[in-house]
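**Q** Got a structure for you, written out below as structure tokens; questions coming shortly.
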Amino acid sequence: MPTIGSPKVGSSSVSTVAEAKNRWLWIATANHVLRARRDKLLGGELEEGDVREYGLADGLESTEGVKRCRSVVSDSAGNIWFSLRRGLSVVNPSQIPENSVPALPHIEAIIADNNTANLDVSVRIPPSPRRITFEDTGLSLAAPGRIRFRYFLEDFDNSWSQPVAAREAVYTKLGPGTYRFRLVASNGEGLWNGPETAIAFNVAPAYYQTYWFRFSCFAVSIALLWAVYQMRVHQLQEQEKKFRDAVETMPALAFVADPKGNRTFMNRGWLEYTGLSREEASGWEKTIHPNDLDRITERLRVSERTGQPLDYEARLRRGSDGVYRWFLIRAVPVRDKRGKIAKWCGAATDIEDRKRAEQLQADLTHASRVNAMGELVASISHELAQPLQMTTAHARASLRWLQRDPPEVTKARKGTERIIEAGALASEIIKRLRSLYKKSPPKQELVAINEVIGEMAGMMRGEAREHGVSIRTDPKDDLPMTVADRVQLQQVLMNLMLNGIEAMKDTGGVLTMKSQLGKDDQIEIAVKDTGPGLPVDKIDPIFDGFFTTKPQGSGMGLAICKSIVESHGGRIWANGDGGRGATFHFTLPAAHAGTNPPVDSA
């Protein structure tokens, strides 16, 4: 069977169709009896008023059983017969009025949160209503129970509501504003042919929803933002002022330059020193000493190309008197967000006093060395006389051995070797004097002190034998090395040994040299003789310059020894009680493992 779609009954399966004389179709479905306009149904143009449902209220005994084929029949008189389970029902279509009476909708009340509004005046709802109920009714004398309602709230709903039998409409949480509630009703025949009723009302805004409150909040926000902005600007201005004051008063010549090195800012110190105006100060090249300009320009090019901080020393001309003073100039790059150099910030610090101090120190050092050289020159007869005397003594001995018959060539050869050693020592002494005069530092190297003791014992044995003196050594094994000038240590040992030999030249005796490890990692060397000893009252001043206890002495030997030992970080002293023998001690610092001596630049 075909189906029919109606807003009243939905889509139902059609069991029987009968046509009345007025061109209406009577249709029976599973549970409904309908009347529809034939032409509209066949044209597919059915509207609300073109279909009507019939039921118990229209006189039908029941709609149950209207399910069989031929259960709806039209007779010759135009009556429509319905075959039901419990009998027959008949309808005379001619007695059904064609024009239905419309239902009249009416809004009876508006209730907001249990408060009923007065509809006689302009309706005003208090602020922030949680629930608004519209109570309505519809007037229909034919079948009031079949009235349906549709409503629409303007500025809130998007479309009309579905037909409802309920006589109230509920809205919750309406915001402030003006609304219009519209209501329509269908009559007992389901026709929406009645008039529309409407009512306007206003939901009052809460104080925080009013325009003046929002405007006030907006104005306050703007005022606060403006105040914060002004406060921040004031803070930045204060910080800038403090920074500028600090830069202006700092004890340095501060400047700012663009990426190409052009000066864009110079502090007060720079302007006062150079005597230039801010316009003239951009030409900074005129303040650099001509001899420094090329070097500085090259340094600037390198820093601009690599972005590395600038650090150089240059002489800047003082504007008041035209005098050039040394300055240490440092500048660092300031980069933007892309990493490019935006500017250079730098400062120049006066180092003229430091430069003068460095020059004065160099001059004093040179003068000190020249003074020491003068002392050495004053005692050159003492220093060089010893190797020369040794050379002469060995030369005479060698000559005697060669004049014998047969000549003693072996002893003459040994004497010649001693002459060569004494000549080498004299040559080293002269070389050290020359290096001192040339401002060269002492030659530092790792020295084994026992080797130096052995060398000097072998060199001095010939001299000692001539005066009846024997030389003995008592070295301590496994002594650490020391960092020293080997020739200067030889000078110290030679001076002390010659003094001991001279003290025993009339009586003979034994000269003993001993080494051992003392306190605090100090190597201690002792030279002991068996001569007449030292006067107790003359022990302390014997190391002073030009002090001597010998009629032919220069008074420089022990003073030189003291100077050499102390320059190596050691100390020297003597023991004597006026009795037999005297002992001279001196110490040298032991070199730690892995020590590398300074490189000789002479």
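In the structure tokens, chains take the letters A, B, ... in the order shown, each chain's residues start at 1, and ligands count up from 1 in the order shown.
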Can you tell me, as a PyMOL selection string, what residues are no more than 9 Å from range 579-589 of chain A when counting only C-alpha atoms, ignoring any on the same chain fewer than 6 positions away?

**A** chain A and resi 481-484+496+500+503+518+520-535+562+565-566+568-573

**Q** Just to be explicit: take each residue in the selection above, keep C-alpha atoms, and write the result as a PDB file, in the first residue's frame.

**A**
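Resulting contents of out-v3.pdb:
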```
ATOM      1  CA  MET A 481     117.865  19.423  41.025  1.00  0.00           C
ATOM      2  CA  THR A 482     117.748  23.209  41.381  1.00  0.00           C
ATOM      3  CA  VAL A 483     117.004  25.936  38.839  1.00  0.00           C
ATOM      4  CA  ALA A 484     120.044  28.242  38.708  1.00  0.00           C
ATOM      5  CA  LEU A 496     134.430  30.267  49.055  1.00  0.00           C
ATOM      6  CA  GLY A 500     139.450  28.686  52.503  1.00  0.00           C
ATOM      7  CA  ALA A 503     143.220  30.922  55.027  1.00  0.00           C
ATOM      8  CA  GLY A 518     117.771  20.758  54.585  1.00  0.00           C
ATOM      9  CA  ASP A 520     111.575  23.247  53.519  1.00  0.00           C
ATOM     10  CA  ASP A 521     113.000  21.524  50.400  1.00  0.00           C
ATOM     11  CA  GLN A 522     116.177  23.606  50.544  1.00  0.00           C
ATOM     12  CA  ILE A 523     119.464  22.175  49.301  1.00  0.00           C
ATOM     13  CA  GLU A 524     122.235  23.138  51.721  1.00  0.00           C
ATOM     14  CA  ILE A 525     125.908  23.389  50.672  1.00  0.00           C
ATOM     15  CA  ALA A 526     128.733  23.867  53.191  1.00  0.00           C
ATOM     16  CA  VAL A 527     132.417  24.792  52.536  1.00  0.00           C
ATOM     17  CA  LYS A 528     134.573  24.159  55.623  1.00  0.00           C
ATOM     18  CA  ASP A 529     138.302  24.877  56.156  1.00  0.00           C
ATOM     19  CA  THR A 530     140.693  24.156  59.020  1.00  0.00           C
ATOM     20  CA  GLY A 531     142.253  27.648  59.078  1.00  0.00           C
ATOM     21  CA  PRO A 532     142.450  30.169  61.944  1.00  0.00           C
ATOM     22  CA  GLY A 533     138.675  30.784  61.857  1.00  0.00           C
ATOM     23  CA  LEU A 534     136.609  33.980  61.869  1.00  0.00           C
ATOM     24  CA  PRO A 535     136.503  36.688  64.519  1.00  0.00           C
ATOM     25  CA  LYS A 562     125.479  36.867  48.792  1.00  0.00           C
ATOM     26  CA  VAL A 565     122.640  33.241  46.304  1.00  0.00           C
ATOM     27  CA  GLU A 566     119.781  35.572  47.240  1.00  0.00           C
ATOM     28  CA  HIS A 568     118.387  32.383  43.341  1.00  0.00           C
ATOM     29  CA  GLY A 569     116.006  32.351  46.306  1.00  0.00           C
ATOM     30  CA  GLY A 570     118.511  31.099  48.903  1.00  0.00           C
ATOM     31  CA  ARG A 571     120.506  32.571  51.769  1.00  0.00           C
ATOM     32  CA  ILE A 572     124.148  32.477  52.893  1.00  0.00           C
ATOM     33  CA  TRP A 573     125.776  32.619  56.327  1.00  0.00           C
TER      34      TRP A 573
END
```

**Q** Can you pull out every residue within 8 Å of Ile288 in chain A, counting only C-alpha atoms, but drop anything in the same chain fewer than 5 positions away, and send it as a VMD selection string?

**A** chain A and resid 293 314 to 317

**Q** Could you write out the selected residues, including N, CA and C atoms, as a PDB file, in the first residue's frame?

**A**
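Okay, result.pdb is ready:
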```
ATOM      1  N   LEU A 293      98.243  56.047  14.598  1.00  0.00           N
ATOM      2  CA  LEU A 293      97.010  56.077  13.823  1.00  0.00           C
ATOM      3  C   LEU A 293      96.882  54.866  12.899  1.00  0.00           C
ATOM      4  N   ALA A 314      96.858  53.571  22.930  1.00  0.00           N
ATOM      5  CA  ALA A 314      97.184  54.645  21.992  1.00  0.00           C
ATOM      6  C   ALA A 314      97.393  55.932  22.764  1.00  0.00           C
ATOM      7  N   ARG A 315      98.059  56.877  22.117  1.00  0.00           N
ATOM      8  CA  ARG A 315      98.293  58.181  22.723  1.00  0.00           C
ATOM      9  C   ARG A 315      97.265  59.172  22.190  1.00  0.00           C
ATOM     10  N   LEU A 316      96.556  59.854  23.106  1.00  0.00           N
ATOM     11  CA  LEU A 316      95.536  60.833  22.753  1.00  0.00           C
ATOM     12  C   LEU A 316      96.030  62.227  23.128  1.00  0.00           C
ATOM     13  N   ARG A 317      95.734  63.179  22.236  1.00  0.00           N
ATOM     14  CA  ARG A 317      96.198  64.556  22.450  1.00  0.00           C
ATOM     15  C   ARG A 317      95.261  65.277  23.404  1.00  0.00           C
TER      16      ARG A 317
END
```

**Q** So which bits of range 417-506 of chain A end up helix (DSSP H, G or I) when you DSSP the backbone, as a VMD selection string?

**A** chain A and resid 417 to 437 449 to 466 486 to 503

**Q** For Arg182 in chain A, which residue among A:Arg214, A:Lys337, A:Arg150, A:Arg295 is the nearest when counting only C-alpha atoms?

**A**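 That would be A:Arg150, the residue with the smallest distance to Arg182 in chain A.
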
**Q** Show which residues sit within 10 Å of Val203 in chain A, as a PDB file with N, CA and C atoms, in the first residue's frame. Count only C-alpha atoms, and ignore same-chain residues fewer than 5 positions away.

**A**
```pdb
ATOM      1  N   ALA A 112       8.692  35.942  36.184  1.00  0.00           N
ATOM      2  CA  ALA A 112      10.158  35.954  36.242  1.00  0.00           C
ATOM      3  C   ALA A 112      10.601  35.619  37.658  1.00  0.00           C
ATOM      4  N   VAL A 123       6.370  46.150  30.245  1.00  0.00           N
ATOM      5  CA  VAL A 123       6.895  45.033  31.036  1.00  0.00           C
ATOM      6  C   VAL A 123       8.405  45.202  31.200  1.00  0.00           C
ATOM      7  N   ARG A 124       8.838  45.186  32.455  1.00  0.00           N
ATOM      8  CA  ARG A 124      10.271  45.308  32.750  1.00  0.00           C
ATOM      9  C   ARG A 124      10.646  44.201  33.722  1.00  0.00           C
ATOM     10  N   ILE A 125      11.603  43.379  33.318  1.00  0.00           N
ATOM     11  CA  ILE A 125      12.054  42.239  34.121  1.00  0.00           C
ATOM     12  C   ILE A 125      13.284  42.675  34.914  1.00  0.00           C
ATOM     13  N   PRO A 126      13.367  42.331  36.204  1.00  0.00           N
ATOM     14  CA  PRO A 126      14.553  42.685  36.993  1.00  0.00           C
ATOM     15  C   PRO A 126      15.830  42.069  36.400  1.00  0.00           C
ATOM     16  N   PRO A 127      16.992  42.612  36.785  1.00  0.00           N
ATOM     17  CA  PRO A 127      18.268  42.129  36.214  1.00  0.00           C
ATOM     18  C   PRO A 127      18.531  40.652  36.523  1.00  0.00           C
ATOM     19  N   SER A 128      19.207  40.015  35.592  1.00  0.00           N
ATOM     20  CA  SER A 128      19.723  38.638  35.713  1.00  0.00           C
ATOM     21  C   SER A 128      18.650  37.647  36.141  1.00  0.00           C
ATOM     22  N   PRO A 129      17.555  37.535  35.382  1.00  0.00           N
ATOM     23  CA  PRO A 129      16.541  36.521  35.745  1.00  0.00           C
ATOM     24  C   PRO A 129      17.058  35.125  35.430  1.00  0.00           C
ATOM     25  N   LEU A 174      18.184  34.815  30.362  1.00  0.00           N
ATOM     26  CA  LEU A 174      18.135  35.832  29.324  1.00  0.00           C
ATOM     27  C   LEU A 174      19.019  37.008  29.726  1.00  0.00           C
ATOM     28  N   GLY A 175      19.829  37.471  28.787  1.00  0.00           N
ATOM     29  CA  GLY A 175      20.664  38.626  29.059  1.00  0.00           C
ATOM     30  C   GLY A 175      19.865  39.912  28.992  1.00  0.00           C
ATOM     31  N   PRO A 176      20.459  41.013  29.399  1.00  0.00           N
ATOM     32  CA  PRO A 176      19.746  42.298  29.361  1.00  0.00           C
ATOM     33  C   PRO A 176      19.450  42.709  27.926  1.00  0.00           C
ATOM     34  N   GLY A 177      18.293  43.353  27.742  1.00  0.00           N
ATOM     35  CA  GLY A 177      17.918  43.813  26.411  1.00  0.00           C
ATOM     36  C   GLY A 177      16.413  43.815  26.245  1.00  0.00           C
ATOM     37  N   THR A 178      15.963  44.209  25.055  1.00  0.00           N
ATOM     38  CA  THR A 178      14.539  44.265  24.710  1.00  0.00           C
ATOM     39  C   THR A 178      14.187  43.063  23.834  1.00  0.00           C
ATOM     40  N   TYR A 179      13.089  42.373  24.192  1.00  0.00           N
ATOM     41  CA  TYR A 179      12.662  41.169  23.478  1.00  0.00           C
ATOM     42  C   TYR A 179      11.190  41.329  23.073  1.00  0.00           C
TER      43      TYR A 179
END
```

**Q** Just to confirm, what's the straight-line distance from CA of Met231 in chain A to CA of Ser216 in chain A in Å (one decimal)?

**A** 21.8 Å

**Q** Near Leu119 in chain A, within 9 Å and counting only C-alpha atoms, which residues show up once chain neighbours fewer than 5 positions away are dropped, as a ChimeraX atom specification?

**A** /A:108-110,199

**Q** Go ahead and dump the residues you just picked, N, CA and C atoms, as a short mmCIF file (atom, residue, chain, number, x, y, z; two decimals), in the first residue's frame.

**A**
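So again-v7.cif came out as:
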```cif
data_model
loop_
_atom_site.label_atom_id
_atom_site.label_comp_id
_atom_site.auth_asym_id
_atom_site.auth_seq_id
_atom_site.Cartn_x
_atom_site.Cartn_y
_atom_site.Cartn_z
N GLU A 108 -1.40 35.15 28.89
CA GLU A 108 -2.06 35.45 30.15
C GLU A 108 -1.12 36.06 31.17
N ALA A 109 0.14 35.58 31.24
CA ALA A 109 1.02 36.09 32.30
C ALA A 109 2.49 35.86 31.91
N ILE A 110 3.36 36.70 32.51
CA ILE A 110 4.81 36.53 32.41
C ILE A 110 5.34 36.47 33.83
N ILE A 199 3.95 40.29 22.64
CA ILE A 199 4.16 41.24 23.73
C ILE A 199 5.66 41.55 23.83
#
```

**Q** Would you mind writing down, as a VMD selection string, each residue of range 164-384 of chain A that DSSP on the backbone assigns to strand (DSSP E or B)?

**A** chain A and resid 164 168 to 172 177 to 186 197 to 203 253 to 257 263 to 266 288 310 to 317 324 to 335 341 to 350
